[in-house]
>>> print(open('my_file-v1.cif').read())   # mmCIF, C-alpha atoms
data_upload
#
loop_
_atom_site.label_atom_id
_atom_site.label_comp_id
_atom_site.auth_asym_id
_atom_site.auth_seq_id
_atom_site.Cartn_x
_atom_site.Cartn_y
_atom_site.Cartn_z
CA GLN A 1 29.59 49.07 -1.28
CA VAL A 2 26.01 50.10 -1.75
CA GLN A 3 24.45 53.24 -0.39
CA VAL A 4 20.88 53.21 0.83
CA VAL A 5 18.25 55.94 1.17
CA GLU A 6 15.02 55.52 3.12
CA SER A 7 11.71 57.26 2.55
CA GLY A 8 8.07 56.96 3.51
CA GLY A 9 8.07 57.95 7.16
CA GLY A 10 5.61 60.36 8.65
CA LEU A 11 2.89 60.95 11.20
CA VAL A 12 0.09 58.41 11.41
CA GLN A 13 -2.72 57.73 13.86
CA PRO A 14 -2.83 54.55 15.92
CA GLY A 15 -4.23 51.74 13.84
CA GLY A 16 -2.98 53.31 10.63
CA SER A 17 -0.49 52.10 8.03
CA LEU A 18 2.69 53.29 6.39
CA ARG A 19 5.01 51.83 3.80
CA LEU A 20 8.69 52.55 4.03
CA SER A 21 10.98 52.25 1.05
CA CYS A 22 14.73 51.87 0.85
CA VAL A 23 16.51 52.34 -2.46
CA ALA A 24 20.04 51.05 -2.86
CA SER A 25 22.69 52.16 -5.30
CA GLY A 26 24.80 49.77 -7.32
CA ASN A 27 24.10 46.77 -9.46
CA ILE A 28 24.54 43.90 -7.01
CA PHE A 29 21.58 44.65 -4.77
CA SER A 30 20.35 41.09 -5.15
CA LEU A 31 23.42 39.80 -3.30
CA TYR A 32 22.64 41.79 -0.15
CA ASP A 33 20.64 40.87 2.89
CA MET A 34 18.40 43.83 3.68
CA GLY A 35 17.12 44.83 7.06
CA TRP A 36 14.94 47.42 8.72
CA TYR A 37 15.94 48.59 12.17
CA ARG A 38 14.46 51.20 14.45
CA GLN A 39 15.59 53.32 17.33
CA ALA A 40 13.26 55.07 19.73
CA PRO A 41 14.46 57.88 22.01
CA GLY A 42 16.49 56.51 24.90
CA ARG A 43 16.51 53.00 23.50
CA GLN A 44 18.97 50.89 21.56
CA ARG A 45 18.60 50.28 17.88
CA GLU A 46 16.71 47.06 17.28
CA LEU A 47 16.07 44.80 14.33
CA VAL A 48 12.53 45.05 13.02
CA ALA A 49 12.66 42.79 9.99
CA MET A 50 15.11 41.42 7.52
CA ILE A 51 15.03 39.66 4.18
CA THR A 52 17.92 37.69 2.83
CA SER A 53 19.32 37.73 -0.67
CA VAL A 54 17.30 34.58 -1.38
CA GLY A 55 14.08 36.01 0.00
CA MET A 56 13.89 34.49 3.45
CA SER A 57 12.49 36.87 6.03
CA ASN A 58 12.23 37.15 9.77
CA TYR A 59 10.64 39.62 12.15
CA ALA A 60 10.88 40.93 15.65
CA ASP A 61 8.17 39.42 17.83
CA SER A 62 6.69 42.85 18.43
CA VAL A 63 5.85 43.34 14.76
CA LYS A 64 4.96 39.82 13.63
CA GLY A 65 1.61 39.76 11.89
CA ARG A 66 1.60 43.55 11.44
CA PHE A 67 4.69 44.32 9.36
CA THR A 68 5.79 42.80 6.07
CA ILE A 69 9.19 43.15 4.48
CA SER A 70 9.63 42.62 0.77
CA ARG A 71 12.15 43.37 -1.92
CA ASP A 72 12.13 44.17 -5.61
CA ASN A 73 15.56 43.40 -7.00
CA ALA A 74 14.70 44.95 -10.35
CA LYS A 75 14.18 48.27 -8.58
CA ASN A 76 16.97 47.88 -6.01
CA THR A 77 14.35 48.50 -3.37
CA VAL A 78 13.24 46.95 -0.12
CA TYR A 79 9.91 47.81 1.48
CA LEU A 80 8.45 47.65 4.93
CA GLN A 81 4.67 47.60 5.00
CA MET A 82 3.52 48.56 8.48
CA ASN A 83 -0.08 47.97 9.51
CA SER A 84 -1.95 48.35 12.79
CA LEU A 85 0.60 50.83 14.02
CA ASN A 86 0.68 51.76 17.66
CA THR A 87 2.53 54.34 19.70
CA GLU A 88 5.25 51.82 20.56
CA ASP A 89 6.23 51.80 16.88
CA THR A 90 7.30 55.44 17.05
CA ALA A 91 11.00 55.57 16.16
CA VAL A 92 13.52 56.44 13.52
CA TYR A 93 13.60 53.58 11.05
CA TYR A 94 16.88 52.69 9.38
CA CYS A 95 17.63 50.57 6.37
CA ASN A 96 20.67 48.32 6.39
CA ALA A 97 22.30 46.51 3.50
CA ARG A 98 24.69 43.71 4.40
CA ARG A 99 26.66 41.55 2.03
CA PRO A 100 26.95 38.11 3.60
CA VAL A 101 30.19 37.19 1.84
CA THR A 102 32.15 40.13 3.23
CA GLY A 103 30.12 41.15 6.27
CA LEU A 104 30.27 44.76 5.15
CA SER A 105 27.11 46.76 5.67
CA SER A 106 25.71 50.20 4.93
CA TRP A 107 23.19 52.28 6.82
CA GLY A 108 20.82 54.93 5.63
CA GLN A 109 20.13 58.21 7.37
CA GLY A 110 16.82 57.02 8.75
CA THR A 111 13.21 58.08 8.38
CA GLN A 112 11.02 59.19 11.27
CA VAL A 113 7.80 57.32 12.01
CA THR A 114 5.52 58.89 14.58
CA VAL A 115 2.32 57.19 15.70
CA SER A 116 0.12 59.59 17.59
CA SER A 117 -3.47 60.69 17.82
#
>>> encode(input="my_file-v1.cif", output="structure tokens")
Amino acid sequence: QVQVVESGGGLVQPGGSLRLSCVASGNIFSLYDMGWYRQAPGRQRELVAMITSVGMSNYADSVKGRFTISRDNAKNTVYLQMNSLNTEDTAVYYCNARRPVTGLSSWGQGTQVTVSS
């Protein structure tokens, strides 16, 4: 089972951009579906974006056109490029690795994204 570690969070002004990274351990990263989730205070964790092992992606309606998920299997890394950030994007962002064959998944510790002026 892979382990994942997120990085790239921080404080950004409204309208700004951030790129989150998630590095996975192990040598079968390419077999995993990778997802970015977020959880704001007092709210449930929600899916932001995901990319399958074959490169198909989907997004939450709230981030479509602003966020882009991508993966580099050679680096065992998945990225989340976030543009045109607004205060509603403030949350802890979590990376999830899920192997479709088994259904097993791993979560990272999360990285804080704060959008504020």
>>> resolve_selection(input="my_file-v1.cif", expression="the PyMOL selection byres ((chain A and resi 13) around 10)", output="list in words")
Leu11, Val12, Pro14, Gly15, Gly16, Ser17, Ser84, Leu85, Asn86, Thr87, Thr114, Val115, Ser116 and Ser117 of chain A
>>> resolve_selection(input="my_file-v1.cif", expression="the PyMOL selection byres ((chain A and resi 51) around 8)", output="PDB file with C-alpha atoms, in the coordinates of the input")
ATOM      1  CA  ASP A  33      20.640  40.870   2.890  1.00  0.00           C
ATOM      2  CA  MET A  34      18.400  43.830   3.680  1.00  0.00           C
ATOM      3  CA  GLY A  35      17.120  44.830   7.060  1.00  0.00           C
ATOM      4  CA  ALA A  49      12.660  42.790   9.990  1.00  0.00           C
ATOM      5  CA  MET A  50      15.110  41.420   7.520  1.00  0.00           C
ATOM      6  CA  THR A  52      17.920  37.690   2.830  1.00  0.00           C
ATOM      7  CA  SER A  53      19.320  37.730  -0.670  1.00  0.00           C
ATOM      8  CA  VAL A  54      17.300  34.580  -1.380  1.00  0.00           C
ATOM      9  CA  GLY A  55      14.080  36.010   0.000  1.00  0.00           C
ATOM     10  CA  MET A  56      13.890  34.490   3.450  1.00  0.00           C
ATOM     11  CA  SER A  57      12.490  36.870   6.030  1.00  0.00           C
ATOM     12  CA  ASN A  58      12.230  37.150   9.770  1.00  0.00           C
ATOM     13  CA  ILE A  69       9.190  43.150   4.480  1.00  0.00           C
ATOM     14  CA  SER A  70       9.630  42.620   0.770  1.00  0.00           C
ATOM     15  CA  ARG A  71      12.150  43.370  -1.920  1.00  0.00           C
TER      16      ARG A  71
END
>>> atom_distance(input="my_file-v1.cif", atom1="CA of Gly9 in chain A", atom2="CA of Gln39 in chain A")
13.5 Å
>>> closest_residue(input="my_file-v1.cif", among="A:Val2, A:Arg43, A:Phe67, A:Gly10", to="Gly26 in chain A", atoms="all atoms listed in the file")
A:Val2
>>> residues_around(input="my_file-v1.cif", residues="Ile28 in chain A", least_positions_apart="6", cutoff="10 Å", atoms="only C-alpha atoms", output="MDAnalysis selection string")
chainID A and resid 1:2 73 76 99
>>> axis_aligned_box(input="my_file-v1.cif", around="range 31-36 of chain A", padding_each_side="5 Å", output="JSON")
{"center_x": 19.2, "center_y": 43.6, "center_z": 2.7, "size_x": 18.5, "size_y": 17.6, "size_z": 22.0}
>>> atom_distance(input="my_file-v1.cif", atom1="CA of Val63 in chain A", atom2="CA of Thr102 in chain A")
28.9 Å
>>> resolve_selection(input="my_file-v1.cif", expression="the PyMOL selection byres ((chain A and resi 24) around 7)", output="VMD selection string")
chain A and resid 2 to 5 22 to 23 25 to 26 29 76 to 77
>>> atom_distance(input="my_file-v1.cif", atom1="CA of Arg66 in chain A", atom2="CA of Glu6 in chain A")
19.8 Å
>>> closest_residue(input="my_file-v1.cif", among="A:Arg19, A:Ser106, A:Asp72, A:Ala40", to="Asp89 in chain A", atoms="all atoms listed in the file")
A:Ala40
>>> closest_residue(input="my_file-v1.cif", among="A:Val92, A:Val113, A:Leu20, A:Ala97", to="Arg45 in chain A", atoms="only C-alpha atoms")
A:Val92
>>> decode(input="my_file-v1.cif", residues="range 95-106 of chain A", atoms="all heavy atoms", output="PDB file, in the first residue's frame")
ATOM      1  N   CYS A  95      -4.496  14.444  -0.190  1.00  0.00           N
ATOM      2  CA  CYS A  95      -4.252  13.568  -1.329  1.00  0.00           C
ATOM      3  C   CYS A  95      -4.717  12.157  -0.981  1.00  0.00           C
ATOM      4  O   CYS A  95      -4.540  11.696   0.151  1.00  0.00           O
ATOM      5  CB  CYS A  95      -2.761  13.561  -1.652  1.00  0.00           C
ATOM      6  SG  CYS A  95      -2.284  12.497  -3.029  1.00  0.00           S
ATOM      7  N   ASN A  96      -5.310  11.504  -1.947  1.00  0.00           N
ATOM      8  CA  ASN A  96      -5.776  10.131  -1.759  1.00  0.00           C
ATOM      9  C   ASN A  96      -5.298   9.267  -2.913  1.00  0.00           C
ATOM     10  O   ASN A  96      -5.375   9.663  -4.078  1.00  0.00           O
ATOM     11  CB  ASN A  96      -7.301  10.097  -1.695  1.00  0.00           C
ATOM     12  CG  ASN A  96      -7.837   8.685  -1.596  1.00  0.00           C
ATOM     13  OD1 ASN A  96      -8.171   8.058  -2.595  1.00  0.00           O
ATOM     14  ND2 ASN A  96      -7.909   8.163  -0.387  1.00  0.00           N
ATOM     15  N   ALA A  97      -4.782   8.114  -2.565  1.00  0.00           N
ATOM     16  CA  ALA A  97      -4.372   7.129  -3.568  1.00  0.00           C
ATOM     17  C   ALA A  97      -5.252   5.899  -3.408  1.00  0.00           C
ATOM     18  O   ALA A  97      -5.319   5.321  -2.326  1.00  0.00           O
ATOM     19  CB  ALA A  97      -2.904   6.759  -3.377  1.00  0.00           C
ATOM     20  N   ARG A  98      -5.920   5.503  -4.469  1.00  0.00           N
ATOM     21  CA  ARG A  98      -6.830   4.362  -4.405  1.00  0.00           C
ATOM     22  C   ARG A  98      -6.523   3.391  -5.529  1.00  0.00           C
ATOM     23  O   ARG A  98      -6.433   3.779  -6.693  1.00  0.00           O
ATOM     24  CB  ARG A  98      -8.276   4.827  -4.512  1.00  0.00           C
ATOM     25  CG  ARG A  98      -9.298   3.687  -4.477  1.00  0.00           C
ATOM     26  CD  ARG A  98     -10.716   4.201  -4.590  1.00  0.00           C
ATOM     27  NE  ARG A  98     -11.684   3.126  -4.621  1.00  0.00           N
ATOM     28  CZ  ARG A  98     -12.020   2.466  -5.713  1.00  0.00           C
ATOM     29  NH1 ARG A  98     -11.468   2.771  -6.879  1.00  0.00           N
ATOM     30  NH2 ARG A  98     -12.921   1.500  -5.657  1.00  0.00           N
ATOM     31  N   ARG A  99      -6.335   2.128  -5.135  1.00  0.00           N
ATOM     32  CA  ARG A  99      -6.092   1.107  -6.143  1.00  0.00           C
ATOM     33  C   ARG A  99      -7.416   0.486  -6.537  1.00  0.00           C
ATOM     34  O   ARG A  99      -8.061  -0.159  -5.714  1.00  0.00           O
ATOM     35  CB  ARG A  99      -5.132   0.042  -5.616  1.00  0.00           C
ATOM     36  CG  ARG A  99      -4.660  -0.882  -6.727  1.00  0.00           C
ATOM     37  CD  ARG A  99      -3.493  -1.697  -6.330  1.00  0.00           C
ATOM     38  NE  ARG A  99      -3.059  -2.523  -7.459  1.00  0.00           N
ATOM     39  CZ  ARG A  99      -2.175  -3.490  -7.376  1.00  0.00           C
ATOM     40  NH1 ARG A  99      -1.606  -3.760  -6.205  1.00  0.00           N
ATOM     41  NH2 ARG A  99      -1.839  -4.186  -8.432  1.00  0.00           N
ATOM     42  N   PRO A 100      -7.830   0.658  -7.765  1.00  0.00           N
ATOM     43  CA  PRO A 100      -9.154   0.196  -8.191  1.00  0.00           C
ATOM     44  C   PRO A 100      -9.383  -1.300  -7.994  1.00  0.00           C
ATOM     45  O   PRO A 100     -10.488  -1.717  -7.642  1.00  0.00           O
ATOM     46  CB  PRO A 100      -9.192   0.559  -9.670  1.00  0.00           C
ATOM     47  CG  PRO A 100      -8.216   1.666  -9.825  1.00  0.00           C
ATOM     48  CD  PRO A 100      -7.122   1.367  -8.833  1.00  0.00           C
ATOM     49  N   VAL A 101      -8.351  -2.092  -8.190  1.00  0.00           N
ATOM     50  CA  VAL A 101      -8.520  -3.548  -8.130  1.00  0.00           C
ATOM     51  C   VAL A 101      -8.916  -4.003  -6.735  1.00  0.00           C
ATOM     52  O   VAL A 101      -9.763  -4.888  -6.560  1.00  0.00           O
ATOM     53  CB  VAL A 101      -7.234  -4.263  -8.587  1.00  0.00           C
ATOM     54  CG1 VAL A 101      -7.345  -5.768  -8.334  1.00  0.00           C
ATOM     55  CG2 VAL A 101      -6.968  -3.985 -10.056  1.00  0.00           C
ATOM     56  N   THR A 102      -8.329  -3.372  -5.718  1.00  0.00           N
ATOM     57  CA  THR A 102      -8.567  -3.807  -4.340  1.00  0.00           C
ATOM     58  C   THR A 102      -9.518  -2.888  -3.570  1.00  0.00           C
ATOM     59  O   THR A 102     -10.085  -3.287  -2.556  1.00  0.00           O
ATOM     60  CB  THR A 102      -7.253  -3.877  -3.567  1.00  0.00           C
ATOM     61  OG1 THR A 102      -6.691  -2.559  -3.484  1.00  0.00           O
ATOM     62  CG2 THR A 102      -6.256  -4.800  -4.269  1.00  0.00           C
ATOM     63  N   GLY A 103      -9.629  -1.650  -4.023  1.00  0.00           N
ATOM     64  CA  GLY A 103     -10.429  -0.679  -3.290  1.00  0.00           C
ATOM     65  C   GLY A 103      -9.711  -0.050  -2.120  1.00  0.00           C
ATOM     66  O   GLY A 103     -10.237   0.842  -1.459  1.00  0.00           O
ATOM     67  N   LEU A 104      -8.495  -0.503  -1.856  1.00  0.00           N
ATOM     68  CA  LEU A 104      -7.734   0.055  -0.742  1.00  0.00           C
ATOM     69  C   LEU A 104      -7.245   1.455  -1.094  1.00  0.00           C
ATOM     70  O   LEU A 104      -6.878   1.725  -2.239  1.00  0.00           O
ATOM     71  CB  LEU A 104      -6.549  -0.846  -0.411  1.00  0.00           C
ATOM     72  CG  LEU A 104      -6.902  -2.240   0.112  1.00  0.00           C
ATOM     73  CD1 LEU A 104      -5.626  -3.067   0.292  1.00  0.00           C
ATOM     74  CD2 LEU A 104      -7.661  -2.147   1.421  1.00  0.00           C
ATOM     75  N   SER A 105      -7.235   2.325  -0.095  1.00  0.00           N
ATOM     76  CA  SER A 105      -6.783   3.688  -0.358  1.00  0.00           C
ATOM     77  C   SER A 105      -5.947   4.200   0.798  1.00  0.00           C
ATOM     78  O   SER A 105      -6.023   3.689   1.918  1.00  0.00           O
ATOM     79  CB  SER A 105      -7.960   4.620  -0.604  1.00  0.00           C
ATOM     80  OG  SER A 105      -8.703   4.842   0.578  1.00  0.00           O
ATOM     81  N   SER A 106      -5.151   5.200   0.512  1.00  0.00           N
ATOM     82  CA  SER A 106      -4.292   5.847   1.499  1.00  0.00           C
ATOM     83  C   SER A 106      -4.511   7.342   1.453  1.00  0.00           C
ATOM     84  O   SER A 106      -4.695   7.910   0.365  1.00  0.00           O
ATOM     85  CB  SER A 106      -2.819   5.543   1.210  1.00  0.00           C
ATOM     86  OG  SER A 106      -2.555   4.169   1.303  1.00  0.00           O
TER      87      SER A 106
END
